[in-house]
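One file, upload-v8.tsv, carrying TSV, C-alpha atoms:
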```tsv
chain	number	residue	atom	x	y	z
A	1	MET	CA	200.99	41.58	128.60
A	2	ALA	CA	202.23	43.30	131.73
A	3	PRO	CA	201.08	46.79	130.73
A	4	GLY	CA	197.82	45.44	129.43
A	5	ALA	CA	196.83	43.63	132.58
A	6	PRO	CA	196.45	46.58	134.97
A	7	SER	CA	194.45	48.57	132.48
A	8	SER	CA	192.00	45.73	131.92
A	9	SER	CA	191.56	44.69	135.52
A	10	PRO	CA	189.92	47.90	136.83
A	11	SER	CA	187.35	47.84	134.11
A	12	SER	CA	186.56	44.20	134.77
A	13	ILE	CA	186.25	44.90	138.47
A	14	LEU	CA	183.97	47.80	137.67
A	15	ALA	CA	181.86	45.61	135.45
A	16	ALA	CA	181.67	42.95	138.13
A	17	LEU	CA	180.69	45.56	140.69
A	18	LEU	CA	178.04	46.99	138.42
A	19	PHE	CA	176.72	43.55	137.64
A	20	SER	CA	176.64	42.48	141.27
A	21	SER	CA	174.98	45.70	142.35
A	22	LEU	CA	172.39	45.29	139.62
A	23	VAL	CA	171.71	41.70	140.56
A	24	LEU	CA	171.69	42.56	144.25
A	25	SER	CA	169.33	45.45	143.76
A	26	LEU	CA	167.07	43.25	141.67
A	27	ALA	CA	167.19	40.49	144.22
A	28	GLN	CA	166.69	42.72	147.22
A	29	ALA	CA	164.01	45.08	146.02
A	30	ILE	CA	160.39	44.42	146.69
A	31	VAL	CA	158.07	44.92	143.73
A	32	VAL	CA	154.45	45.87	144.32
A	33	TYR	CA	151.75	45.29	141.73
A	34	THR	CA	148.35	46.95	141.47
A	35	ASP	CA	145.95	47.72	138.64
A	36	ARG	CA	146.52	50.97	136.80
A	37	GLU	CA	142.90	52.07	136.88
A	38	VAL	CA	139.70	50.82	138.41
A	39	HIS	CA	136.20	51.95	137.58
A	40	GLY	CA	133.24	51.84	139.87
A	41	ALA	CA	129.65	52.98	139.87
A	42	VAL	CA	128.25	55.26	142.55
A	43	GLY	CA	127.00	53.27	145.52
A	44	SER	CA	128.71	50.06	144.45
A	45	ARG	CA	131.95	48.67	145.75
A	46	VAL	CA	135.33	48.21	144.21
A	47	THR	CA	138.26	45.93	145.01
A	48	LEU	CA	141.73	47.45	145.01
A	49	HIS	CA	144.12	44.61	144.32
A	50	CYS	CA	147.65	44.68	145.58
A	51	SER	CA	150.24	41.95	145.39
A	52	PHE	CA	154.01	41.91	145.55
A	53	TRP	CA	157.12	39.99	144.67
A	54	SER	CA	159.88	39.63	147.21
A	55	SER	CA	163.07	37.63	147.27
A	56	GLU	CA	162.55	36.86	150.94
A	57	TRP	CA	160.06	34.57	152.56
A	58	VAL	CA	156.92	36.25	153.76
A	59	SER	CA	157.83	37.25	157.28
A	60	ASP	CA	155.58	37.72	160.30
A	61	ASP	CA	156.44	41.39	160.31
A	62	ILE	CA	154.96	42.00	156.89
A	63	SER	CA	152.97	45.18	156.58
A	64	PHE	CA	150.66	46.63	153.94
A	65	THR	CA	149.80	50.31	153.80
A	66	TRP	CA	147.20	51.97	151.58
A	67	ARG	CA	147.40	55.69	151.08
A	68	TYR	CA	144.82	57.86	149.43
A	69	GLN	CA	145.37	61.08	147.52
A	70	PRO	CA	142.16	62.83	146.45
A	71	GLU	CA	141.88	64.03	142.87
A	72	GLY	CA	143.55	67.44	142.75
A	73	GLY	CA	144.68	67.14	146.34
A	74	ARG	CA	148.30	67.48	147.32
A	75	ASP	CA	148.68	65.31	150.37
A	76	ALA	CA	148.31	61.60	150.65
A	77	ILE	CA	146.73	60.22	153.79
A	78	SER	CA	147.04	56.74	155.17
A	79	ILE	CA	143.72	54.98	155.18
A	80	PHE	CA	144.68	51.42	155.90
A	81	HIS	CA	147.50	49.59	157.60
A	82	PHE	CA	148.11	45.91	158.10
A	83	ALA	CA	150.84	44.83	160.51
A	84	LYS	CA	151.56	41.91	162.83
A	85	GLY	CA	148.70	39.93	161.37
A	86	GLN	CA	146.11	42.56	162.13
A	87	PRO	CA	144.38	45.14	159.91
A	88	TYR	CA	144.00	48.72	161.11
A	89	ILE	CA	141.22	50.57	159.36
A	90	ASP	CA	140.53	54.28	159.04
A	91	GLU	CA	137.91	55.16	161.62
A	92	VAL	CA	137.72	58.92	161.31
A	93	GLY	CA	138.36	59.96	157.71
A	94	THR	CA	136.37	59.82	154.52
A	95	PHE	CA	136.57	56.05	154.32
A	96	LYS	CA	135.20	55.50	157.79
A	97	GLU	CA	133.57	52.08	157.99
A	98	ARG	CA	133.79	51.63	154.24
A	99	ILE	CA	137.03	49.70	153.94
A	100	GLN	CA	137.19	45.95	154.20
A	101	TRP	CA	140.36	43.88	154.33
A	102	VAL	CA	140.18	40.94	151.92
A	103	GLY	CA	143.88	40.17	151.52
A	104	ASP	CA	145.97	37.37	152.90
A	105	PRO	CA	149.67	37.88	153.56
A	106	ARG	CA	150.39	34.18	153.05
A	107	TRP	CA	149.27	34.56	149.43
A	108	LYS	CA	151.13	37.87	149.06
A	109	ASP	CA	147.79	39.59	148.74
A	110	GLY	CA	147.07	43.01	150.23
A	111	SER	CA	143.75	43.80	148.61
A	112	ILE	CA	141.05	45.93	150.15
A	113	VAL	CA	137.44	46.58	149.21
A	114	ILE	CA	135.86	50.01	149.35
A	115	HIS	CA	132.12	49.99	149.83
A	116	ASN	CA	129.46	52.53	148.94
A	117	LEU	CA	131.46	54.57	146.43
A	118	ASP	CA	130.90	58.25	145.99
A	119	TYR	CA	132.14	60.83	143.48
A	120	SER	CA	134.38	62.28	146.16
A	121	ASP	CA	136.35	59.03	146.25
A	122	ASN	CA	137.97	59.81	142.89
A	123	GLY	CA	141.70	59.78	143.41
A	124	THR	CA	144.87	57.79	143.62
A	125	PHE	CA	145.42	54.90	145.98
A	126	THR	CA	148.95	53.81	146.75
A	127	CYS	CA	149.85	50.38	147.98
A	128	ASP	CA	153.05	50.01	149.97
A	129	VAL	CA	154.39	46.68	151.17
A	130	LYS	CA	157.21	46.06	153.61
A	131	ASN	CA	158.44	42.56	154.07
A	132	PRO	CA	161.37	42.89	156.50
A	133	PRO	CA	164.20	42.63	155.84
A	134	ASP	CA	163.08	43.32	152.29
A	135	ILE	CA	161.90	46.91	152.54
A	136	VAL	CA	163.47	48.67	149.57
A	137	GLY	CA	161.22	49.13	146.60
A	138	LYS	CA	158.69	51.25	144.81
A	139	THR	CA	155.08	51.59	145.74
A	140	SER	CA	152.35	51.06	143.19
A	141	LYS	CA	149.44	53.35	142.38
A	142	VAL	CA	145.92	52.71	141.23
A	143	THR	CA	143.53	55.45	140.15
A	144	LEU	CA	139.88	55.13	141.00
A	145	TYR	CA	137.21	56.65	138.78
A	146	VAL	CA	133.66	56.73	140.02
A	147	PHE	CA	130.92	56.94	137.40
A	148	GLU	CA	127.19	57.15	137.47
A	149	LYS	CA	127.19	54.13	135.17
A	150	VAL	CA	130.38	52.23	134.52
A	151	PRO	CA	131.21	52.60	130.81
A	152	THR	CA	132.05	49.49	128.83
A	153	ARG	CA	135.73	49.02	128.27
A	154	TYR	CA	137.24	49.88	124.92
A	155	GLY	CA	136.93	47.00	122.48
A	156	VAL	CA	134.83	44.68	124.61
A	157	VAL	CA	131.65	44.94	122.56
A	158	LEU	CA	133.72	45.11	119.38
A	159	GLY	CA	135.53	41.90	120.16
A	160	ALA	CA	132.34	40.18	121.23
A	161	VAL	CA	130.46	41.11	118.06
A	162	VAL	CA	133.32	40.25	115.69
A	163	GLY	CA	134.10	37.00	117.47
A	164	GLY	CA	130.47	36.01	117.81
A	165	VAL	CA	129.55	36.59	114.17
A	166	LEU	CA	132.70	34.93	112.83
A	167	GLY	CA	132.14	31.98	115.14
A	168	ALA	CA	128.51	31.67	114.06
A	169	VAL	CA	129.45	31.77	110.37
A	170	LEU	CA	132.16	29.18	110.91
A	171	LEU	CA	129.73	26.95	112.80
A	172	LEU	CA	127.12	27.23	110.05
A	173	LEU	CA	129.69	26.37	107.40
A	174	LEU	CA	130.86	23.36	109.40
A	175	LEU	CA	127.28	22.21	109.90
A	176	PHE	CA	126.52	22.62	106.21
A	177	TYR	CA	129.52	20.58	105.15
A	178	LEU	CA	128.83	17.94	107.78
A	179	VAL	CA	125.27	17.49	106.56
A	180	ARG	CA	126.42	17.38	102.95
A	181	TYR	CA	129.13	14.87	103.80
A	182	CYS	CA	126.65	12.59	105.59
A	183	TRP	CA	124.20	12.85	102.72
A	184	LEU	CA	126.85	12.02	100.14
A	185	ARG	CA	127.98	9.06	102.18
A	186	ARG	CA	124.46	7.75	102.43
A	187	GLN	CA	124.03	8.14	98.69
A	188	ALA	CA	127.27	6.27	98.09
A	189	ALA	CA	126.24	3.49	100.46
A	190	LEU	CA	122.88	3.19	98.74
A	191	ARG	CA	124.53	2.97	95.36
A	192	ARG	CA	126.93	0.33	96.62
A	193	ARG	CA	124.08	-1.69	98.04
A	194	LEU	CA	122.22	-1.39	94.78
A	195	SER	CA	125.11	-2.70	92.78
A	196	ALA	CA	125.62	-5.49	95.32
A	197	MET	CA	121.96	-6.41	94.98
A	198	GLU	CA	122.31	-6.42	91.27
A	199	LYS	CA	125.13	-8.90	91.55
A	200	GLY	CA	123.28	-10.86	94.23
A	201	LYS	CA	120.28	-11.19	92.01
A	202	LEU	CA	122.33	-12.89	89.38
A	203	HIS	CA	123.82	-15.27	91.92
A	204	LYS	CA	120.89	-16.00	94.15
A	205	SER	CA	118.03	-15.89	91.74
A	206	GLY	CA	117.72	-19.63	91.83
A	207	LYS	CA	118.67	-20.30	95.45
A	208	ASP	CA	116.69	-18.00	97.65
A	209	SER	CA	113.20	-17.71	96.35
A	210	LYS	CA	112.00	-15.43	99.19
A	211	ARG	CA	114.65	-12.81	98.64
A	212	GLY	CA	114.58	-13.36	94.98
A	213	ARG	CA	110.97	-12.38	94.95
A	214	GLN	CA	111.44	-9.32	97.13
A	215	THR	CA	114.52	-7.78	95.62
A	216	PRO	CA	113.30	-7.32	92.11
A	217	VAL	CA	110.46	-5.11	93.30
A	218	LEU	CA	112.72	-2.85	95.32
A	219	TYR	CA	115.32	-2.85	92.63
A	220	ALA	CA	112.82	-1.97	89.97
A	221	MET	CA	111.54	0.92	92.04
A	222	LEU	CA	114.97	2.33	92.74
A	223	ASP	CA	116.08	1.79	89.24
A	224	HIS	CA	113.05	3.59	87.96
A	225	SER	CA	113.64	6.59	90.22
A	226	ARG	CA	117.27	6.66	89.20
A	227	SER	CA	116.50	6.56	85.55
A	228	THR	CA	113.97	9.39	85.83
A	229	LYS	CA	116.45	11.43	87.84
A	230	ALA	CA	119.12	10.85	85.24
A	231	ALA	CA	116.68	11.84	82.55
A	232	SER	CA	115.71	15.02	84.32
A	233	GLU	CA	119.34	15.83	84.90
A	234	LYS	CA	120.05	15.31	81.25
A	235	LYS	CA	117.17	17.56	80.40
A	236	SER	CA	118.33	20.34	82.72
A	237	LYS	CA	121.86	20.04	81.44
A	238	GLY	CA	120.63	20.28	77.93
A	239	LEU	CA	118.64	23.35	78.85
A	240	GLY	CA	121.63	24.93	80.49
A	241	GLU	CA	123.75	24.26	77.51
A	242	SER	CA	121.21	25.63	75.14
A	243	ARG	CA	120.95	28.72	77.28
A	244	LYS	CA	124.71	29.06	77.20
A	245	ASP	CA	124.69	28.68	73.48
A	246	LYS	CA	122.17	31.46	73.19
A	247	LYS	CA	124.45	33.73	75.14
B	1	MET	CA	134.28	36.16	79.21
B	2	LEU	CA	137.62	37.57	80.27
B	3	LEU	CA	136.12	41.04	80.25
B	4	LEU	CA	133.30	39.88	82.51
B	5	LEU	CA	135.79	38.28	84.88
B	6	LEU	CA	137.87	41.45	84.98
B	7	GLY	CA	134.78	43.54	85.58
B	8	ILE	CA	133.74	41.39	88.51
B	9	ILE	CA	137.17	41.54	90.09
B	10	VAL	CA	137.35	45.31	89.61
B	11	LEU	CA	133.93	45.69	91.23
B	12	HIS	CA	135.01	43.53	94.16
B	13	VAL	CA	138.25	45.44	94.65
B	14	ALA	CA	136.36	48.72	94.44
B	15	VAL	CA	134.02	47.54	97.20
B	16	LEU	CA	137.02	46.54	99.29
B	17	VAL	CA	138.70	49.92	98.79
B	18	LEU	CA	135.49	51.70	99.74
B	19	LEU	CA	135.19	49.60	102.86
B	20	PHE	CA	138.77	50.21	103.89
B	21	VAL	CA	138.60	53.94	103.25
B	22	SER	CA	135.33	54.39	105.09
B	23	THR	CA	136.59	52.37	108.04
B	24	ILE	CA	139.91	54.15	108.37
B	25	VAL	CA	139.44	57.74	107.23
B	26	SER	CA	138.50	60.14	109.97
B	27	GLN	CA	135.54	61.83	108.38
B	28	TRP	CA	132.34	60.17	109.42
B	29	PHE	CA	131.01	63.31	110.98
B	30	MET	CA	132.06	66.93	110.80
B	31	SER	CA	131.16	69.92	112.86
B	32	ASN	CA	133.07	73.19	112.71
B	33	GLY	CA	136.64	71.93	112.60
B	34	HIS	CA	135.99	68.66	114.39
B	35	MET	CA	136.26	65.44	112.47
B	36	MET	CA	134.96	62.29	114.00
B	37	ASP	CA	135.21	58.72	112.87
B	38	LEU	CA	134.86	55.32	114.37
B	39	TRP	CA	138.17	55.42	116.17
B	40	GLN	CA	139.04	58.97	117.17
B	41	ASN	CA	137.85	62.52	117.42
B	42	CYS	CA	140.17	65.02	115.80
B	43	SER	CA	140.18	68.78	115.79
B	44	MET	CA	142.41	71.48	114.33
B	45	PRO	CA	142.55	74.25	116.88
B	46	GLY	CA	145.58	76.04	115.43
B	47	GLY	CA	144.92	75.29	111.80
B	48	ASN	CA	147.86	73.03	111.05
B	49	THR	CA	148.18	70.78	114.05
B	50	ARG	CA	145.75	67.95	114.44
B	51	VAL	CA	144.80	66.94	117.93
B	52	CYS	CA	143.13	63.57	118.23
B	53	VAL	CA	141.62	61.77	121.16
B	54	LEU	CA	140.21	58.26	121.28
B	55	SER	CA	136.52	58.08	120.58
B	56	SER	CA	134.06	57.16	123.28
B	57	THR	CA	133.51	53.61	124.42
B	58	ASN	CA	129.82	53.68	123.66
B	59	GLU	CA	128.43	50.19	122.97
B	60	TRP	CA	126.72	51.25	119.76
B	61	LEU	CA	129.85	52.89	118.42
B	62	GLN	CA	131.73	49.70	119.19
B	63	SER	CA	129.17	47.67	117.31
B	64	VAL	CA	129.56	50.01	114.33
B	65	GLN	CA	133.31	49.38	114.47
B	66	ALA	CA	132.69	45.65	114.76
B	67	THR	CA	130.33	45.47	111.77
B	68	MET	CA	132.71	47.51	109.62
B	69	ILE	CA	135.57	45.16	110.49
B	70	LEU	CA	133.34	42.17	109.83
B	71	SER	CA	132.36	43.50	106.42
B	72	ILE	CA	136.03	43.92	105.50
B	73	ILE	CA	136.80	40.40	106.71
B	74	PHE	CA	133.88	38.92	104.74
B	75	SER	CA	134.75	40.83	101.60
B	76	VAL	CA	138.41	39.79	101.72
B	77	LEU	CA	137.37	36.19	102.38
B	78	SER	CA	135.00	36.36	99.47
B	79	LEU	CA	137.74	37.59	97.13
B	80	PHE	CA	140.01	34.71	98.11
B	81	LEU	CA	137.15	32.25	97.81
B	82	PHE	CA	136.41	33.56	94.34
B	83	PHE	CA	139.93	32.81	93.15
B	84	TYR	CA	139.79	29.44	94.86
B	85	GLN	CA	136.46	28.53	93.31
B	86	LEU	CA	137.52	29.83	89.93
B	87	PHE	CA	140.02	27.00	89.71
B	88	THR	CA	138.17	24.27	91.58
B	89	ILE	CA	134.44	24.24	90.84
B	90	THR	CA	133.16	22.26	87.90
B	91	LYS	CA	131.99	23.81	84.69
B	92	GLY	CA	128.52	25.26	85.02
B	93	GLY	CA	128.80	25.57	88.81
B	94	ARG	CA	127.83	28.73	90.63
B	95	PHE	CA	129.95	30.78	93.03
B	96	TYR	CA	127.52	30.33	95.91
B	97	LEU	CA	130.04	30.56	98.76
B	98	THR	CA	131.76	33.62	97.30
B	99	GLY	CA	128.43	35.32	96.72
B	100	ILE	CA	127.13	34.53	100.19
B	101	PHE	CA	130.19	36.06	101.83
B	102	GLN	CA	130.00	39.17	99.66
B	103	ILE	CA	126.31	39.60	100.46
B	104	LEU	CA	127.15	39.20	104.16
B	105	ALA	CA	129.75	41.95	103.79
B	106	GLY	CA	127.12	44.20	102.21
B	107	LEU	CA	124.65	43.50	105.02
B	108	CYS	CA	127.34	44.25	107.62
B	109	VAL	CA	128.13	47.61	106.02
B	110	MET	CA	124.46	48.40	105.90
B	111	SER	CA	123.96	47.64	109.58
B	112	ALA	CA	127.05	49.68	110.49
B	113	ALA	CA	125.87	52.72	108.56
B	114	SER	CA	122.33	52.46	109.85
B	115	ILE	CA	123.41	52.03	113.46
B	116	TYR	CA	125.62	55.09	113.01
B	117	THR	CA	122.75	57.07	111.54
B	118	VAL	CA	120.37	56.22	114.34
B	119	ARG	CA	122.67	56.30	117.33
B	120	HIS	CA	125.39	58.85	116.58
B	121	THR	CA	123.85	61.45	118.86
B	122	GLU	CA	124.77	59.27	121.81
B	123	TRP	CA	128.46	60.01	121.40
B	124	HIS	CA	128.37	63.38	119.62
B	125	ILE	CA	127.44	66.71	120.96
B	126	TYR	CA	124.69	67.86	118.69
B	127	ASN	CA	125.26	71.18	116.97
B	128	SER	CA	123.35	72.95	114.26
B	129	ASP	CA	126.23	73.25	111.79
B	130	ASN	CA	127.28	69.64	111.53
B	131	SER	CA	127.09	67.18	108.70
B	132	TYR	CA	128.03	63.67	107.80
B	133	GLY	CA	131.51	63.29	106.35
B	134	PHE	CA	132.47	61.56	103.14
B	135	ALA	CA	133.54	58.32	104.85
B	136	TYR	CA	129.95	57.87	106.01
B	137	ILE	CA	128.69	58.39	102.45
B	138	LEU	CA	131.30	55.94	101.13
B	139	ALA	CA	130.01	53.34	103.55
B	140	TRP	CA	126.50	53.80	102.17
B	141	VAL	CA	127.87	53.58	98.60
B	142	ALA	CA	129.73	50.38	99.45
B	143	PHE	CA	126.51	48.70	100.61
B	144	PRO	CA	124.66	48.44	97.25
B	145	LEU	CA	127.87	47.71	95.38
B	146	ALA	CA	128.71	44.83	97.70
B	147	LEU	CA	125.18	43.46	97.37
B	148	LEU	CA	125.36	43.80	93.57
B	149	SER	CA	128.65	41.95	93.29
B	150	GLY	CA	127.35	39.32	95.69
B	151	PHE	CA	124.29	38.68	93.54
B	152	ILE	CA	126.45	38.60	90.41
B	153	TYR	CA	128.51	35.85	92.03
B	154	VAL	CA	125.39	33.86	92.85
B	155	ILE	CA	123.92	34.24	89.37
B	156	LEU	CA	127.20	33.68	87.55
B	157	ARG	CA	128.00	30.26	86.11
B	158	LYS	CA	131.48	29.09	85.48
B	159	ARG	CA	132.15	28.59	81.80
B	160	ASP	CA	135.67	27.50	81.06
```

Will you turn the file into structure tokens for me?
Amino acid sequence: MAPGAPSSSPSSILAALLFSSLVLSLAQAIVVYTDREVHGAVGSRVTLHCSFWSSEWVSDDISFTWRYQPEGGRDAISIFHFAKGQPYIDEVGTFKERIQWVGDPRWKDGSIVIHNLDYSDNGTFTCDVKNPPDIVGKTSKVTLYVFEKVPTRYGVVLGAVVGGVLGAVLLLLLLFYLVRYCWLRRQAALRRRLSAMEKGKLHKSGKDSKRGRQTPVLYAMLDHSRSTKAASEKKSKGLGESRKDKK
Amino acid sequence: MLLLLLGIIVLHVAVLVLLFVSTIVSQWFMSNGHMMDLWQNCSMPGGNTRVCVLSSTNEWLQSVQATMILSIIFSVLSLFLFFYQLFTITKGGRFYLTGIFQILAGLCVMSAASIYTVRHTEWHIYNSDNSYGFAYILAWVAFPLALLSGFIYVILRKRD
């Protein structure tokens, strides 16, 4: 036991250290979320969402920074900064008077809107959040593509058409079966009433003269229709069978 | 009777195979080394290696994809319904539901192929030496076969 103990303890300490450092790094780091890609049409506006997760409470010293790197360009320039509860907007560069702050630090939201898009706005936007004392963490990037006409996303029309047609077919089937079910139930109720009337006629024929006079007429009519229907059915069945026999 | 049943099932499976092949295989349209289908555009620049990119997100192309998928769904449903009805409907009954679904599958394939025929220039660059691939032709072949098997189902009466 004695020789085993020292050899095992360093590894356990190492494991504990690794574990604690992992947990600590996970707990301490700030994680920023943005979209991967946004698409916009020329002249329209686009919202660049940015939110974050932090282990700390949202402090008063929270700051958001948006940086812009043009497509093919090497350097990123700061275009927006939010600190001490106040947004600072680019007033000289390409985004002059086109950026609008729509975020709210209380909701961990650092989104901005870019108005009046142009082809030259194609590029990568980086969102950086510092929530002191939680300042360690990666930034997040979103790429903006400006089109003449925003193309439909992959699979949107496909999903809509497939879902719509399947839904319509399902609805039609349901409707069909509902109507058939109601019809069958009405038929069954009619038949039940008929049989009840038949019985009632036997019982009440002497008692109730008024009903007794009315029911036979109705009964005779229904009975007639039923008998003709049965006859026609028999005929058609016979035909079908004869046809089958021919085959 | 058994022969008829077998023939019907073989026809149905053939339609299904045609639908699957024409939906999946990447040969709806060919033009000097490029092969295009509903899902991707492939080319062989070196001869052996195939380089594929996702096809465009054109609305019409997406509706072609959707109708092809719908036709497969309807045809598969129809096959299952046929086996179900074979054991449940009364003697002398017709396979209406099966037939309706198979006819729907045929109509879907038809609309897919015709949309492709009319609109394919919207997502292809038009060259002089291009032609439709065999998957496109298979889709057109699947259309009358699906309709035929659908009508056979509607006309057919159950015997035993």

For this session: For atom CA of A:Thr143 and atom CA of A:Thr126, determine how far apart the two atoms are, in Å to one decimal place.
Result: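 Separating atom CA of A:Thr143 from atom CA of A:Thr126 is a distance of 8.7 Å.
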
For this session: Would you mind listing what lies within 9 Å of B:Tyr136 as a list in words, with only C-alpha atoms counted and same-chain residues fewer than 2 positions away left out?
Result: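 So the residues in contact are Ser22, Thr23, Gln27, Trp28, Phe29, Asp37, Ala113, Tyr116, Tyr132, Gly133, Phe134, Leu138, Ala139, Trp140 and Val141 of chain B.
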
Considering all atoms listed in the file, tabulate each residue of chain B that lies at most 12 Å from chain A along with its nearest interatomic pair and the corresponding distance in Å to one decimal; arrange the rows by chain and ascending residue number and present them as CSV.
```
residue,atom,partner,partner_atom,distance
B:Met1,CA,A:Lys247,CA,10.9
B:Leu38,CA,A:Leu158,CA,11.4
B:Trp39,CA,A:Tyr154,CA,10.4
B:Leu54,CA,A:Tyr154,CA,9.6
B:Ser55,CA,A:Tyr154,CA,9.3
B:Ser56,CA,A:Tyr154,CA,8.1
B:Thr57,CA,A:Tyr154,CA,5.3
B:Asn58,CA,A:Thr152,CA,7.0
B:Glu59,CA,A:Val157,CA,6.2
B:Trp60,CA,A:Val157,CA,8.5
B:Leu61,CA,A:Leu158,CA,8.7
B:Gln62,CA,A:Leu158,CA,5.0
B:Ser63,CA,A:Leu158,CA,5.6
B:Val64,CA,A:Leu158,CA,8.2
B:Gln65,CA,A:Leu158,CA,6.5
B:Ala66,CA,A:Leu158,CA,4.8
B:Thr67,CA,A:Val162,CA,7.2
B:Met68,CA,A:Val162,CA,9.5
B:Ile69,CA,A:Val162,CA,7.5
B:Leu70,CA,A:Val162,CA,6.2
B:Ser71,CA,A:Val162,CA,9.9
B:Ile72,CA,A:Val162,CA,11.2
B:Ile73,CA,A:Leu166,CA,9.2
B:Phe74,CA,A:Leu166,CA,9.1
B:Leu77,CA,A:Leu166,CA,11.5
B:Lys91,CA,A:Glu241,CA,10.9
B:Gly92,CA,A:Gly240,CA,8.3
B:Gly93,CA,A:Gly240,CA,11.0
B:Leu97,CA,A:Leu173,CA,9.6
B:Ile100,CA,A:Val169,CA,10.8
B:Phe101,CA,A:Val169,CA,9.6
B:Leu104,CA,A:Val169,CA,10.0
B:Ala105,CA,A:Val165,CA,11.7
B:Cys108,CA,A:Val165,CA,10.3
B:Ala112,CA,A:Val161,CA,11.9
B:Leu156,CA,A:Lys244,CA,11.6
B:Arg157,CA,A:Lys244,CA,9.6
B:Lys158,CA,A:Lys244,CA,10.7
B:Arg159,CA,A:Lys244,CA,8.8
B:Asp160,CA,A:Lys244,CA,11.7
```

Include C-alpha atoms and write out the residues we just selected as a PDB file, in the frame of the given file.
```
ATOM      1  CA  MET B   1     134.280  36.160  79.210  1.00  0.00           C
ATOM      2  CA  LEU B  38     134.860  55.320 114.370  1.00  0.00           C
ATOM      3  CA  TRP B  39     138.170  55.420 116.170  1.00  0.00           C
ATOM      4  CA  LEU B  54     140.210  58.260 121.280  1.00  0.00           C
ATOM      5  CA  SER B  55     136.520  58.080 120.580  1.00  0.00           C
ATOM      6  CA  SER B  56     134.060  57.160 123.280  1.00  0.00           C
ATOM      7  CA  THR B  57     133.510  53.610 124.420  1.00  0.00           C
ATOM      8  CA  ASN B  58     129.820  53.680 123.660  1.00  0.00           C
ATOM      9  CA  GLU B  59     128.430  50.190 122.970  1.00  0.00           C
ATOM     10  CA  TRP B  60     126.720  51.250 119.760  1.00  0.00           C
ATOM     11  CA  LEU B  61     129.850  52.890 118.420  1.00  0.00           C
ATOM     12  CA  GLN B  62     131.730  49.700 119.190  1.00  0.00           C
ATOM     13  CA  SER B  63     129.170  47.670 117.310  1.00  0.00           C
ATOM     14  CA  VAL B  64     129.560  50.010 114.330  1.00  0.00           C
ATOM     15  CA  GLN B  65     133.310  49.380 114.470  1.00  0.00           C
ATOM     16  CA  ALA B  66     132.690  45.650 114.760  1.00  0.00           C
ATOM     17  CA  THR B  67     130.330  45.470 111.770  1.00  0.00           C
ATOM     18  CA  MET B  68     132.710  47.510 109.620  1.00  0.00           C
ATOM     19  CA  ILE B  69     135.570  45.160 110.490  1.00  0.00           C
ATOM     20  CA  LEU B  70     133.340  42.170 109.830  1.00  0.00           C
ATOM     21  CA  SER B  71     132.360  43.500 106.420  1.00  0.00           C
ATOM     22  CA  ILE B  72     136.030  43.920 105.500  1.00  0.00           C
ATOM     23  CA  ILE B  73     136.800  40.400 106.710  1.00  0.00           C
ATOM     24  CA  PHE B  74     133.880  38.920 104.740  1.00  0.00           C
ATOM     25  CA  LEU B  77     137.370  36.190 102.380  1.00  0.00           C
ATOM     26  CA  LYS B  91     131.990  23.810  84.690  1.00  0.00           C
ATOM     27  CA  GLY B  92     128.520  25.260  85.020  1.00  0.00           C
ATOM     28  CA  GLY B  93     128.800  25.570  88.810  1.00  0.00           C
ATOM     29  CA  LEU B  97     130.040  30.560  98.760  1.00  0.00           C
ATOM     30  CA  ILE B 100     127.130  34.530 100.190  1.00  0.00           C
ATOM     31  CA  PHE B 101     130.190  36.060 101.830  1.00  0.00           C
ATOM     32  CA  LEU B 104     127.150  39.200 104.160  1.00  0.00           C
ATOM     33  CA  ALA B 105     129.750  41.950 103.790  1.00  0.00           C
ATOM     34  CA  CYS B 108     127.340  44.250 107.620  1.00  0.00           C
ATOM     35  CA  ALA B 112     127.050  49.680 110.490  1.00  0.00           C
ATOM     36  CA  LEU B 156     127.200  33.680  87.550  1.00  0.00           C
ATOM     37  CA  ARG B 157     128.000  30.260  86.110  1.00  0.00           C
ATOM     38  CA  LYS B 158     131.480  29.090  85.480  1.00  0.00           C
ATOM     39  CA  ARG B 159     132.150  28.590  81.800  1.00  0.00           C
ATOM     40  CA  ASP B 160     135.670  27.500  81.060  1.00  0.00           C
TER      41      ASP B 160
END
```

For this session: Determine, counting only C-alpha atoms, which protein, DNA and RNA residues have an atom within 10 Å of an atom of A:Ile77; residues of the same chain fewer than 5 positions away are not included. Present the result as a PyMOL selection string.
Result: chain A and resi 66-70+93+125-126

Exercise. If you count all atoms listed in the file, which residues fall within 12 Å of B:Leu81, apart from same-chain ones fewer than 6 positions away, as number ranges by chain?
Worked result: B: 74-75, 87-89, 95-102, 153
